[in-house]
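In what follows, a structure is listed as structure tokens, so that the remarks can point back to it.
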Amino acid sequence: MIKSLRDFITGSHAATGRRDFITMNTIRIRKGYRLNIAGAPSEELKALEPPATLAALPERVPFVKPKLSVAEGDSVNVGSLLYVDKRNPDLKFCSPAGGVVKDIQYGPRRVIEQIVIERDEVEVFETFPSVDQDALSHIDRAELVALLQDGGLWPLIRELPVRDIAGPDREPPAVIVSLDRQEPFHPSARVYLEGRLDLLRYGLAVMHRLAGEAPVIVGAYPQTADRFSGFVTHRVAGAYPADDPGSLLYRIKTSPAQNNAWFVSGQDLLLIAHLLGTGTYPTERTVVVAGSAAQDRRHFRTRLGAPLAHLAGGDWTGGSPRFIVGGVFTGYSGSPGSHLGLYETSVTVVPKGEASEFLSLFRPGWAKPTYSRLFLSRFNPGPLVHDCNRRGGRRACIACMHCADVCPVDILPQMTYKAILAEEVEEALGHGLLDCVECGLCSYVCPAKIELTEALRHAKAAYAREKGA
Amino acid sequence: MKKTIQRFFEALRPRFEKGGRFQRWYAFYESIETIFFAPGVPTTTTPHVRDSLDVKRYMASVVVVLLPLLVFGIYNTGYQSQLAAGKTPDLLLSFWIGFAAVIPLVIVSYLFGFGWEIVFARIRGHEISEGVFVTAMLFPLTLPPTTPLWQAAMGISFGVVIGKEIFGGTGRNFLNPALTGRAFLYFAYPVQMSGNAVWTVLSGARETAVDAFSAATPLVVAFEARTAGAVEEALAEAGFPLWKLFLGLYPDSIGASSTFLCLIGALVLMAIGVASYRIIFGDILGVVVTGYLLNLLASDASSAYMTMNPFYHLLIGGTAFGIAFMTTDPVSAPDLHPARWIYGFLIGALTVLIRVFNPAFPEGIMLAILFMNVFAPLLDHVVLKFRLRRRIANV
């Protein structure tokens with residue numbers, strides 16, 4: 001049965017075992033929404049000098065309960081152990097810099113926000129065993145897992161549907177690699193893969209080794225897919241979040257057994273390949289700085305865990321904008337002094353939107369972004385400036401159905417939301433709660449400004465914790 | 001201008017905020033202020049950016065679409081009044097007589113509707129939901145122009161309080177509040193709400209007027225038609241030719257007579273995505289298919305009404321108004337798209353059945369909509385069952 005499912009997912013040619021040339025299937029996703037947002041980055045890549053401080057952000061790793069292995073004042077090398085997960089001490093997290101642990105910042109309820117490391121001029125790298133291409137094909141799978149765990153990069157591989165770190169003991173039903181992220185704004189695969197196709201190939205081979213018999217699915221939207229056709233198994237056509245691993249899986253899965261597919265982003269795959277290929281902890285990240293309030297909108301090559309001020313520096317005396325780490329739909333807001341986490345590759349700078357607008361109700365809205373048809377901006381092709389204003393008061397649901405019309409995985413968010421409020425867990429699950437990709441579109445389009453995404457995300461996390469306990 | 005208004009609100013604000021003298025009426029203050037100034041509240045969670053559409057604009061768009069119907073209703077009220085008085089209607093005088101009859105009803109409707117909304121917003125500690133502005137505009141348009149003001153006040157109060165607020169306010173009601181109020185008046189004060197005399201405001205010399213005025217409404221004419229296959233002619237003879245029915249220049253509820261304006265309203269609402277085209281087309285399909293089935297079933301023994309051209313059902317009475325503005329209320333309609341087709345179709349079908357077979361109720365659309373409002377959750381439930389069956393389980 002598994003074999004036939006696999007054929008269905010990847011196209012029958014996958015079964016031939018030739019991993020580099022898998023037939024392309026085009027997955028067309030009609031729902032979703034393309035945000036017409038101003039501030040797109042250029043594809044020009046600029047390499048930055050390494051910043052003075054780098055950090056690890058345990059708070060931003062989902063579900064992890066960090067147990068520190070270092071204290072303030074300790075010296076660390078690049079790749080030294082910083083903390084482990086209390087749930088599973090084999091899950092290790094390593095230092096992105098060589099230097100001295102300068103500051104460990106705690107947030108509310110003693111959550112560890114940042115472990116800030118002051119970088120030495122000459123950094124020392126920890127050495128890990130390296131595995132070359134030939135060795136990879138006959139290395140023991142458990143050994144490979146251990147290498148990734150010790151190297152601190154296992155957490156880059158995560159598991160659907162709740163997006164916790166993948167459980168290494170079980171072979172997944174599939175591994176989904178997404179090269180791009182359509183969410184505004186993320187690095188383009190065309191930029192970060194430039195000259196790194198060998199690393200990608202090697203990373204994919206590692207995934208195949210981990211996946212065992214299961215397929216490794218590489219999804220990308222048509223522009224990227226055409227460029228890297230040798231690697232891509234699935235062309236994903238459609239608006240955001242069509243190429244999200246969750247919405248791709250939703251379109252191609254055929255049985256409940258496939259719900260626990262693993263996923264990893266293309267850039268993270270390069271890090272894994274670097275670790276195993278060279279035996280040193282990777283430090284390089286391609287990051288996008290964009291958004292209408294950003295001053296230099298482009299791709300940057302910088303360090304893992306770089307501070308935001310280093311990337312999106314500027315003079316903010318005229319009112320500070322909002323710094324969003326990880327995209328306008330799913331990211332979190334950070335201060336210029338905070339750092340990029342393990343997963344984030346994007347800093348979007350947009351106006352805060354704290355001004356109240358005069359006679360907003362009566363304006364035709366030529367430049368007001370909307371999914372609806374109640375503003376003239378429907379006819380405005382140009383990219384529109386979005387700010388962080390909520391744009392309206394909180395109301396009860398009026399059943400406009402915009403949320404259901406954009407949901408990429410056919411959930412009825414407003415009904416699921418009601419089931420969650422009524423604590424009908426079974427009902428919410430039946431509605432497809434776990435298929436939710438947390439894309440944020442339902443909250444975006446809601447005219448009643450109901451925090452649908454937040455409610456669904458919390459319900460998913462609560463369910464995952466309960467199941468794990 | 002902007003500065004002056006801003007200063008005005010800034011001066012008032014502290015009195016309505018916590019600790020201020022009028023803090024209990026904050027909801028009222030907030031609803032007025034936000035008409036002028038959209039609040040500068042930023043998002044606190046993902047997604048960071050939000051759609052510019054809010055409920056205020058959503059509801060305001062419906063009110064704007066209703067305005068032409070109000071203006072026409074005012075004109076038509078005065079026009080019919082002068083016809084009944086045996087005069088040649090004068091444009092300005094028509095507007096003036098209609099204005100004097102209709103605007104008080106609209107004002108009472110807004111005063112009481114908005115008043116109840118403020119009271120309940122205060123009790124709940126919520127902001128005022130803008131649905132009431134639509135309800136208070138729809139309600140007077142469904143009334144006969146002769147409705148006493150106190151009855152209008154009773155009707156809108158019943159509609160807003162019993163039809164909506166006791167269930168939790170806009171968004172949590174299962175009945176259309178404007179229609180609930182209208183139905184309340186219909187059953188509580190039948191003398192002022194039905195019959196042939198209530199649809200025309202009498203002006204000028206009363207005696208002559210009453211003599212000159214004896215018109216039955218199109219619904220009654222159609223019901224009482226005796227010749228099978230000639231209902232349309234009967235209507236034309238009674239003074240309701242096709243063009244008149246379409247344009248709406250005949251005595252009827254204030255805003256419901258003009259099929260033409262309702263059609264434009266429906267098209268605009270569909271174009272801006274506020275009204276569900278599924279409901280509207282479902283309604284029309286229901287009316288026409290049922291009307292046509294009755295045509296086929298008609299025999300010599302059955303009433304002539306059954307032989308009426310099904311499209312006439314869309315022209316007479318309040319069908320067009322109900323379809324464009326009442327069935328499309330998203331809150332009291334089902335949520336799911338397929339359920340909305342079924343909902344619309346059944347409303348259309350029931351409207352025709354009530355009209356043709358029930359002598360007690362000349363107009364069927366009001367009862368049909370309220371009836372289907374009650375069944376909307378059931379339709380959703382059934383459609384949802386089928387829909388969820390298609391999902392691949394994920395638990």
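Every chain in the structure tokens has a letter given in the order shown (A, B, ...), and although residue numbers restart at 1 in each chain, ligands are simply numbered from 1 in the order shown.
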Counting only C-alpha atoms, which residues in region 113-204 of chain B sit no more than 10 Å from region 7-25 of chain B? For each one, give the nearest pair of atoms and the distance in Å, sorted by chain then residue number, as CSV.
residue,atom,partner,partner_atom,distance
B:Ile118,CA,B:Trp25,CA,7.6
B:Val119,CA,B:Trp25,CA,8.5
B:Ala121,CA,B:Trp25,CA,8.9
B:Arg122,CA,B:Arg24,CA,6.4
B:Ile123,CA,B:Arg24,CA,8.9
B:Gly125,CA,B:Arg24,CA,8.8
Selection file, C-alpha atoms, as an mmCIF file, in the first residue's frame:
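Saved the output as out.cif:
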data_model
loop_
_atom_site.group_PDB
_atom_site.id
_atom_site.type_symbol
_atom_site.label_atom_id
_atom_site.label_comp_id
_atom_site.auth_asym_id
_atom_site.auth_seq_id
_atom_site.Cartn_x
_atom_site.Cartn_y
_atom_site.Cartn_z
ATOM 1 C CA ILE B 118 -26.560 51.613 23.049
ATOM 2 C CA VAL B 119 -28.348 50.170 26.060
ATOM 3 C CA ALA B 121 -23.718 47.690 24.294
ATOM 4 C CA ARG B 122 -23.465 49.344 27.694
ATOM 5 C CA ILE B 123 -24.739 46.267 29.509
ATOM 6 C CA GLY B 125 -19.423 46.414 27.678
#
For chain B against chain A, which residues fall within 7 Å using only C-alpha atoms, given as JSON, numbers by chain? {"B": [35, 36, 37, 38, 39, 40, 41, 42, 43, 46, 47, 48, 49, 50, 51, 52, 53, 54, 55, 57, 129, 170, 171, 272, 273, 330, 331, 335, 388, 392, 393, 394, 395]}
Determine, counting only C-alpha atoms, which protein, DNA and RNA residues have an atom within 10 Å of an atom of region 336-338 of chain B; residues of the same chain fewer than 2 positions away are not included. Present the result as JSON, numbers by chain. {"A": [399, 401, 404, 405, 412], "B": [276, 277, 278, 279, 333, 334, 340, 341, 342, 343, 376, 377, 379, 380, 381, 383, 384, 387]}
Find the spatial neighbours of Thr280 (chain A), counting only C-alpha atoms, within a cut-off of 6 Å - ignore same-chain residues fewer than 2 positions away - and output them as a compact mmCIF listing (two decimals) with C-alpha atoms, in the first residue's frame.
# COMPACT_ATOMS: atom_id res chain seq x y z
CA THR A 127 34.84 20.01 14.78
CA PHE A 128 32.26 17.37 13.95
CA LEU A 275 27.53 20.58 8.66
CA THR A 278 32.60 20.05 6.20
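The shortest atom-to-atom distance to Thr233 (chain A), with only C-alpha atoms taken into account, belongs to A:Tyr221 out of A:Tyr33, A:Trp366, A:Tyr202, A:Tyr221.
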Mind the document's chain letters and residue numbers, and return as a PDB file with N, CA and C atoms, in the first residue's frame the residues of region 263-335 of chain B that DSSP labels helix (DSSP H, G or I).
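File produced: out22.pdb:
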ATOM      1  N   LEU B 263     -33.549  45.698  -8.090  1.00  0.00           N
ATOM      2  CA  LEU B 263     -32.650  44.987  -8.996  1.00  0.00           C
ATOM      3  C   LEU B 263     -31.288  45.671  -9.033  1.00  0.00           C
ATOM      4  N   ILE B 264     -31.312  46.990  -9.137  1.00  0.00           N
ATOM      5  CA  ILE B 264     -30.037  47.715  -9.145  1.00  0.00           C
ATOM      6  C   ILE B 264     -29.307  47.507  -7.819  1.00  0.00           C
ATOM      7  N   GLY B 265     -30.072  47.611  -6.728  1.00  0.00           N
ATOM      8  CA  GLY B 265     -29.472  47.394  -5.402  1.00  0.00           C
ATOM      9  C   GLY B 265     -28.826  46.022  -5.306  1.00  0.00           C
ATOM     10  N   ALA B 266     -29.551  45.008  -5.778  1.00  0.00           N
ATOM     11  CA  ALA B 266     -29.024  43.640  -5.706  1.00  0.00           C
ATOM     12  C   ALA B 266     -27.758  43.512  -6.541  1.00  0.00           C
ATOM     13  N   LEU B 267     -27.772  44.135  -7.732  1.00  0.00           N
ATOM     14  CA  LEU B 267     -26.587  44.052  -8.594  1.00  0.00           C
ATOM     15  C   LEU B 267     -25.388  44.726  -7.932  1.00  0.00           C
ATOM     16  N   VAL B 268     -25.630  45.889  -7.331  1.00  0.00           N
ATOM     17  CA  VAL B 268     -24.524  46.586  -6.671  1.00  0.00           C
ATOM     18  C   VAL B 268     -24.006  45.757  -5.498  1.00  0.00           C
ATOM     19  N   LEU B 269     -24.917  45.237  -4.688  1.00  0.00           N
ATOM     20  CA  LEU B 269     -24.479  44.460  -3.518  1.00  0.00           C
ATOM     21  C   LEU B 269     -23.699  43.217  -3.931  1.00  0.00           C
ATOM     22  N   MET B 270     -24.122  42.610  -5.042  1.00  0.00           N
ATOM     23  CA  MET B 270     -23.370  41.443  -5.508  1.00  0.00           C
ATOM     24  C   MET B 270     -22.009  41.865  -6.046  1.00  0.00           C
ATOM     25  N   ALA B 271     -21.996  43.003  -6.752  1.00  0.00           N
ATOM     26  CA  ALA B 271     -20.739  43.465  -7.340  1.00  0.00           C
ATOM     27  C   ALA B 271     -19.718  43.793  -6.266  1.00  0.00           C
ATOM     28  N   TYR B 277     -24.407  36.117  -4.128  1.00  0.00           N
ATOM     29  CA  TYR B 277     -25.165  35.883  -5.359  1.00  0.00           C
ATOM     30  C   TYR B 277     -25.857  34.530  -5.317  1.00  0.00           C
ATOM     31  N   ARG B 278     -25.318  33.634  -4.501  1.00  0.00           N
ATOM     32  CA  ARG B 278     -25.934  32.313  -4.409  1.00  0.00           C
ATOM     33  C   ARG B 278     -27.339  32.416  -3.831  1.00  0.00           C
ATOM     34  N   ILE B 279     -27.478  33.248  -2.810  1.00  0.00           N
ATOM     35  CA  ILE B 279     -28.804  33.408  -2.209  1.00  0.00           C
ATOM     36  C   ILE B 279     -29.740  34.064  -3.209  1.00  0.00           C
ATOM     37  N   ILE B 280     -29.275  35.137  -3.851  1.00  0.00           N
ATOM     38  CA  ILE B 280     -30.155  35.894  -4.738  1.00  0.00           C
ATOM     39  C   ILE B 280     -30.618  35.033  -5.914  1.00  0.00           C
ATOM     40  N   PHE B 281     -29.674  34.338  -6.549  1.00  0.00           N
ATOM     41  CA  PHE B 281     -30.084  33.500  -7.672  1.00  0.00           C
ATOM     42  C   PHE B 281     -30.932  32.321  -7.193  1.00  0.00           C
ATOM     43  N   GLY B 282     -30.609  31.828  -6.006  1.00  0.00           N
ATOM     44  CA  GLY B 282     -31.429  30.754  -5.432  1.00  0.00           C
ATOM     45  C   GLY B 282     -32.862  31.221  -5.238  1.00  0.00           C
ATOM     46  N   ASP B 283     -33.010  32.423  -4.690  1.00  0.00           N
ATOM     47  CA  ASP B 283     -34.338  33.010  -4.484  1.00  0.00           C
ATOM     48  C   ASP B 283     -35.111  33.072  -5.789  1.00  0.00           C
ATOM     49  N   ILE B 284     -34.459  33.672  -6.791  1.00  0.00           N
ATOM     50  CA  ILE B 284     -35.144  33.896  -8.060  1.00  0.00           C
ATOM     51  C   ILE B 284     -35.533  32.565  -8.689  1.00  0.00           C
ATOM     52  N   LEU B 285     -34.580  31.627  -8.632  1.00  0.00           N
ATOM     53  CA  LEU B 285     -34.851  30.293  -9.160  1.00  0.00           C
ATOM     54  C   LEU B 285     -36.040  29.658  -8.439  1.00  0.00           C
ATOM     55  N   GLY B 286     -36.071  29.799  -7.137  1.00  0.00           N
ATOM     56  CA  GLY B 286     -37.154  29.218  -6.335  1.00  0.00           C
ATOM     57  C   GLY B 286     -38.499  29.793  -6.745  1.00  0.00           C
ATOM     58  N   VAL B 287     -38.542  31.112  -6.895  1.00  0.00           N
ATOM     59  CA  VAL B 287     -39.799  31.765  -7.267  1.00  0.00           C
ATOM     60  C   VAL B 287     -40.247  31.297  -8.654  1.00  0.00           C
ATOM     61  N   VAL B 288     -39.322  31.343  -9.589  1.00  0.00           N
ATOM     62  CA  VAL B 288     -39.701  31.066 -10.973  1.00  0.00           C
ATOM     63  C   VAL B 288     -40.058  29.586 -11.168  1.00  0.00           C
ATOM     64  N   VAL B 289     -39.243  28.715 -10.607  1.00  0.00           N
ATOM     65  CA  VAL B 289     -39.513  27.279 -10.774  1.00  0.00           C
ATOM     66  C   VAL B 289     -40.840  26.910 -10.122  1.00  0.00           C
ATOM     67  N   THR B 290     -41.066  27.398  -8.919  1.00  0.00           N
ATOM     68  CA  THR B 290     -42.317  27.062  -8.243  1.00  0.00           C
ATOM     69  C   THR B 290     -43.505  27.658  -8.988  1.00  0.00           C
ATOM     70  N   GLY B 291     -43.361  28.913  -9.411  1.00  0.00           N
ATOM     71  CA  GLY B 291     -44.433  29.541 -10.168  1.00  0.00           C
ATOM     72  C   GLY B 291     -44.746  28.744 -11.428  1.00  0.00           C
ATOM     73  N   TYR B 292     -43.694  28.262 -12.082  1.00  0.00           N
ATOM     74  CA  TYR B 292     -43.884  27.510 -13.317  1.00  0.00           C
ATOM     75  C   TYR B 292     -44.538  26.150 -13.042  1.00  0.00           C
ATOM     76  N   LEU B 293     -44.100  25.502 -11.938  1.00  0.00           N
ATOM     77  CA  LEU B 293     -44.726  24.224 -11.573  1.00  0.00           C
ATOM     78  C   LEU B 293     -46.216  24.419 -11.322  1.00  0.00           C
ATOM     79  N   LEU B 294     -46.572  25.525 -10.673  1.00  0.00           N
ATOM     80  CA  LEU B 294     -47.988  25.798 -10.419  1.00  0.00           C
ATOM     81  C   LEU B 294     -48.726  26.000 -11.740  1.00  0.00           C
ATOM     82  N   ASN B 295     -48.096  26.667 -12.682  1.00  0.00           N
ATOM     83  CA  ASN B 295     -48.676  26.808 -14.026  1.00  0.00           C
ATOM     84  C   ASN B 295     -49.034  25.442 -14.585  1.00  0.00           C
ATOM     85  N   LEU B 296     -48.067  24.499 -14.448  1.00  0.00           N
ATOM     86  CA  LEU B 296     -48.277  23.164 -15.020  1.00  0.00           C
ATOM     87  C   LEU B 296     -49.381  22.413 -14.292  1.00  0.00           C
ATOM     88  N   LEU B 297     -49.476  22.642 -12.969  1.00  0.00           N
ATOM     89  CA  LEU B 297     -50.441  21.889 -12.173  1.00  0.00           C
ATOM     90  C   LEU B 297     -51.841  22.486 -12.232  1.00  0.00           C
ATOM     91  N   ALA B 304     -57.131  30.915 -10.326  1.00  0.00           N
ATOM     92  CA  ALA B 304     -56.494  31.504 -11.489  1.00  0.00           C
ATOM     93  C   ALA B 304     -55.072  31.955 -11.164  1.00  0.00           C
ATOM     94  N   TYR B 305     -54.844  32.295  -9.908  1.00  0.00           N
ATOM     95  CA  TYR B 305     -53.525  32.761  -9.448  1.00  0.00           C
ATOM     96  C   TYR B 305     -52.420  31.802  -9.896  1.00  0.00           C
ATOM     97  N   MET B 306     -52.767  30.482  -9.886  1.00  0.00           N
ATOM     98  CA  MET B 306     -51.759  29.482 -10.255  1.00  0.00           C
ATOM     99  C   MET B 306     -51.275  29.627 -11.678  1.00  0.00           C
ATOM    100  N   THR B 307     -52.075  30.267 -12.501  1.00  0.00           N
ATOM    101  CA  THR B 307     -51.695  30.372 -13.913  1.00  0.00           C
ATOM    102  C   THR B 307     -50.901  31.638 -14.213  1.00  0.00           C
ATOM    103  N   TYR B 312     -44.070  37.347 -12.774  1.00  0.00           N
ATOM    104  CA  TYR B 312     -44.867  38.389 -12.109  1.00  0.00           C
ATOM    105  C   TYR B 312     -44.717  38.324 -10.595  1.00  0.00           C
ATOM    106  N   HIS B 313     -44.415  37.125 -10.094  1.00  0.00           N
ATOM    107  CA  HIS B 313     -44.215  37.018  -8.632  1.00  0.00           C
ATOM    108  C   HIS B 313     -43.051  37.871  -8.169  1.00  0.00           C
ATOM    109  N   LEU B 314     -42.080  38.084  -9.092  1.00  0.00           N
ATOM    110  CA  LEU B 314     -40.926  38.918  -8.734  1.00  0.00           C
ATOM    111  C   LEU B 314     -41.280  40.396  -8.775  1.00  0.00           C
ATOM    112  N   LEU B 315     -42.386  40.706  -9.459  1.00  0.00           N
ATOM    113  CA  LEU B 315     -42.729  42.119  -9.642  1.00  0.00           C
ATOM    114  C   LEU B 315     -43.702  42.617  -8.584  1.00  0.00           C
ATOM    115  N   THR B 319     -41.389  40.935  -3.009  1.00  0.00           N
ATOM    116  CA  THR B 319     -40.413  39.884  -3.340  1.00  0.00           C
ATOM    117  C   THR B 319     -39.040  40.455  -3.671  1.00  0.00           C
ATOM    118  N   ALA B 320     -39.043  41.457  -4.562  1.00  0.00           N
ATOM    119  CA  ALA B 320     -37.747  41.974  -5.018  1.00  0.00           C
ATOM    120  C   ALA B 320     -36.983  42.586  -3.847  1.00  0.00           C
ATOM    121  N   PHE B 321     -37.702  43.335  -3.021  1.00  0.00           N
ATOM    122  CA  PHE B 321     -37.040  43.958  -1.876  1.00  0.00           C
ATOM    123  C   PHE B 321     -36.502  42.896  -0.916  1.00  0.00           C
ATOM    124  N   GLY B 322     -37.353  41.904  -0.658  1.00  0.00           N
ATOM    125  CA  GLY B 322     -36.938  40.835   0.257  1.00  0.00           C
ATOM    126  C   GLY B 322     -35.724  40.095  -0.278  1.00  0.00           C
ATOM    127  N   ILE B 323     -35.738  39.797  -1.580  1.00  0.00           N
ATOM    128  CA  ILE B 323     -34.624  39.055  -2.175  1.00  0.00           C
ATOM    129  C   ILE B 323     -33.332  39.864  -2.089  1.00  0.00           C
ATOM    130  N   ALA B 324     -33.426  41.160  -2.448  1.00  0.00           N
ATOM    131  CA  ALA B 324     -32.210  41.951  -2.517  1.00  0.00           C
ATOM    132  C   ALA B 324     -31.647  42.264  -1.141  1.00  0.00           C
ATOM    133  N   PHE B 325     -32.504  42.541  -0.188  1.00  0.00           N
ATOM    134  CA  PHE B 325     -31.990  43.109   1.065  1.00  0.00           C
ATOM    135  C   PHE B 325     -32.243  42.276   2.310  1.00  0.00           C
ATOM    136  N   MET B 326     -33.242  41.395   2.273  1.00  0.00           N
ATOM    137  CA  MET B 326     -33.567  40.641   3.489  1.00  0.00           C
ATOM    138  C   MET B 326     -32.955  39.242   3.475  1.00  0.00           C
TER     139      MET B 326
END
Using only C-alpha atoms, which residues sit within 8 Å of region 250-252 of chain B once same-chain residues fewer than 3 positions away are excluded, as a list in words? Asn76, Thr77, Gln80, Pro144, Trp199, Thr200, Thr217, Phe240, Lys244, Leu245, Gly255, Ala256, Ser257 and Gly317 of chain B
Could you pull out the residues in region 175-225 of chain A that DSSP calls strand (DSSP E) from the backbone, as a ChimeraX atom specification? /A:175-178,216-220
Can you pull out every residue within 9 Å of region 179-183 of chain A, counting only C-alpha atoms, but drop anything in the same chain fewer than 3 positions away, and send it as an mmCIF file with N, CA and C atoms, in the first residue's frame?
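Output file part.cif is given in full below:
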data_model
loop_
_atom_site.group_PDB
_atom_site.id
_atom_site.type_symbol
_atom_site.label_atom_id
_atom_site.label_comp_id
_atom_site.auth_asym_id
_atom_site.auth_seq_id
_atom_site.Cartn_x
_atom_site.Cartn_y
_atom_site.Cartn_z
ATOM 1 N N ARG A 34 -2.865 36.566 -2.791
ATOM 2 C CA ARG A 34 -1.588 37.241 -3.041
ATOM 3 C C ARG A 34 -1.699 38.666 -2.521
ATOM 4 N N LEU A 35 -0.912 38.962 -1.523
ATOM 5 C CA LEU A 35 -0.955 40.285 -0.918
ATOM 6 C C LEU A 35 -0.225 41.260 -1.826
ATOM 7 N N HIS A 186 10.431 36.928 1.676
ATOM 8 C CA HIS A 186 11.405 35.903 2.027
ATOM 9 C C HIS A 186 12.454 35.773 0.925
ATOM 10 N N PRO A 187 13.614 35.233 1.294
ATOM 11 C CA PRO A 187 14.676 35.110 0.295
ATOM 12 C C PRO A 187 14.229 34.245 -0.875
ATOM 13 N N SER A 188 14.646 34.631 -2.036
ATOM 14 C CA SER A 188 14.318 33.869 -3.219
ATOM 15 C C SER A 188 15.330 32.745 -3.394
ATOM 16 N N ALA A 189 14.830 31.584 -3.782
ATOM 17 C CA ALA A 189 15.734 30.456 -4.011
ATOM 18 C C ALA A 189 16.739 30.778 -5.107
ATOM 19 N N ARG A 190 16.321 31.634 -6.030
ATOM 20 C CA ARG A 190 17.230 32.004 -7.116
ATOM 21 C C ARG A 190 18.473 32.714 -6.566
ATOM 22 N N VAL A 218 10.051 17.950 -3.328
ATOM 23 C CA VAL A 218 10.592 19.308 -3.392
ATOM 24 C C VAL A 218 9.577 20.172 -4.122
ATOM 25 N N GLY A 219 8.978 21.097 -3.380
ATOM 26 C CA GLY A 219 7.941 21.939 -3.969
ATOM 27 C C GLY A 219 8.467 23.346 -4.203
ATOM 28 N N ALA A 220 8.042 23.941 -5.311
ATOM 29 C CA ALA A 220 8.413 25.331 -5.580
ATOM 30 C C ALA A 220 7.416 25.897 -6.556
ATOM 31 N N TYR A 221 7.239 27.196 -6.509
ATOM 32 C CA TYR A 221 6.291 27.761 -7.459
ATOM 33 C C TYR A 221 6.958 27.921 -8.828
ATOM 34 N N THR A 224 10.523 29.416 -9.783
ATOM 35 C CA THR A 224 11.654 28.725 -9.191
ATOM 36 C C THR A 224 11.778 27.318 -9.753
ATOM 37 N N ALA A 225 10.624 26.674 -9.936
ATOM 38 C CA ALA A 225 10.638 25.294 -10.410
ATOM 39 C C ALA A 225 11.300 25.199 -11.776
ATOM 40 N N VAL A 232 13.185 19.885 -8.497
ATOM 41 C CA VAL A 232 11.812 20.081 -8.042
ATOM 42 C C VAL A 232 10.933 18.916 -8.476
ATOM 43 N N ALA A 239 -1.644 31.259 -5.188
ATOM 44 C CA ALA A 239 -1.271 32.384 -4.340
ATOM 45 C C ALA A 239 -0.772 31.885 -2.982
ATOM 46 N N TYR A 240 -0.198 32.804 -2.193
ATOM 47 C CA TYR A 240 0.218 32.474 -0.842
ATOM 48 C C TYR A 240 -0.913 31.783 -0.111
ATOM 49 N N PRO A 241 -0.728 30.772 0.677
ATOM 50 C CA PRO A 241 0.498 30.043 0.979
ATOM 51 C C PRO A 241 0.590 28.730 0.214
ATOM 52 N N ALA A 242 0.442 28.776 -1.100
ATOM 53 C CA ALA A 242 0.398 27.544 -1.881
ATOM 54 C C ALA A 242 1.626 26.670 -1.661
ATOM 55 N N ASP A 243 2.812 27.287 -1.522
ATOM 56 C CA ASP A 243 4.018 26.459 -1.431
ATOM 57 C C ASP A 243 4.415 26.138 0.005
ATOM 58 N N ASP A 244 3.543 26.475 0.957
ATOM 59 C CA ASP A 244 3.799 26.048 2.327
ATOM 60 C C ASP A 244 3.731 24.520 2.380
ATOM 61 N N SER A 265 13.116 23.618 5.186
ATOM 62 C CA SER A 265 13.181 24.647 4.144
ATOM 63 C C SER A 265 14.464 24.478 3.336
ATOM 64 N N GLY A 266 14.452 24.989 2.151
ATOM 65 C CA GLY A 266 15.601 24.839 1.254
ATOM 66 C C GLY A 266 16.874 25.390 1.859
ATOM 67 N N GLN A 267 16.758 26.549 2.474
ATOM 68 C CA GLN A 267 17.971 27.143 3.036
ATOM 69 C C GLN A 267 18.494 26.336 4.224
ATOM 70 N N GLY A 326 10.400 37.364 10.067
ATOM 71 C CA GLY A 326 9.754 36.173 9.507
ATOM 72 C C GLY A 326 8.468 36.422 8.753
ATOM 73 N N GLY A 327 8.274 37.566 8.146
ATOM 74 C CA GLY A 327 7.112 37.733 7.270
ATOM 75 C C GLY A 327 5.908 38.372 7.939
ATOM 76 N N VAL A 328 5.126 39.120 7.145
ATOM 77 C CA VAL A 328 4.042 39.905 7.726
ATOM 78 C C VAL A 328 2.877 39.047 8.209
ATOM 79 N N PHE A 329 2.769 37.805 7.734
ATOM 80 C CA PHE A 329 1.646 36.974 8.146
ATOM 81 C C PHE A 329 1.966 36.114 9.362
ATOM 82 N N THR A 330 3.193 35.622 9.427
ATOM 83 C CA THR A 330 3.479 34.632 10.468
ATOM 84 C C THR A 330 4.600 35.050 11.404
ATOM 85 N N CYS A 439 -1.376 30.212 8.277
ATOM 86 C CA CYS A 439 -0.893 31.198 7.309
ATOM 87 C C CYS A 439 -1.330 32.604 7.666
#
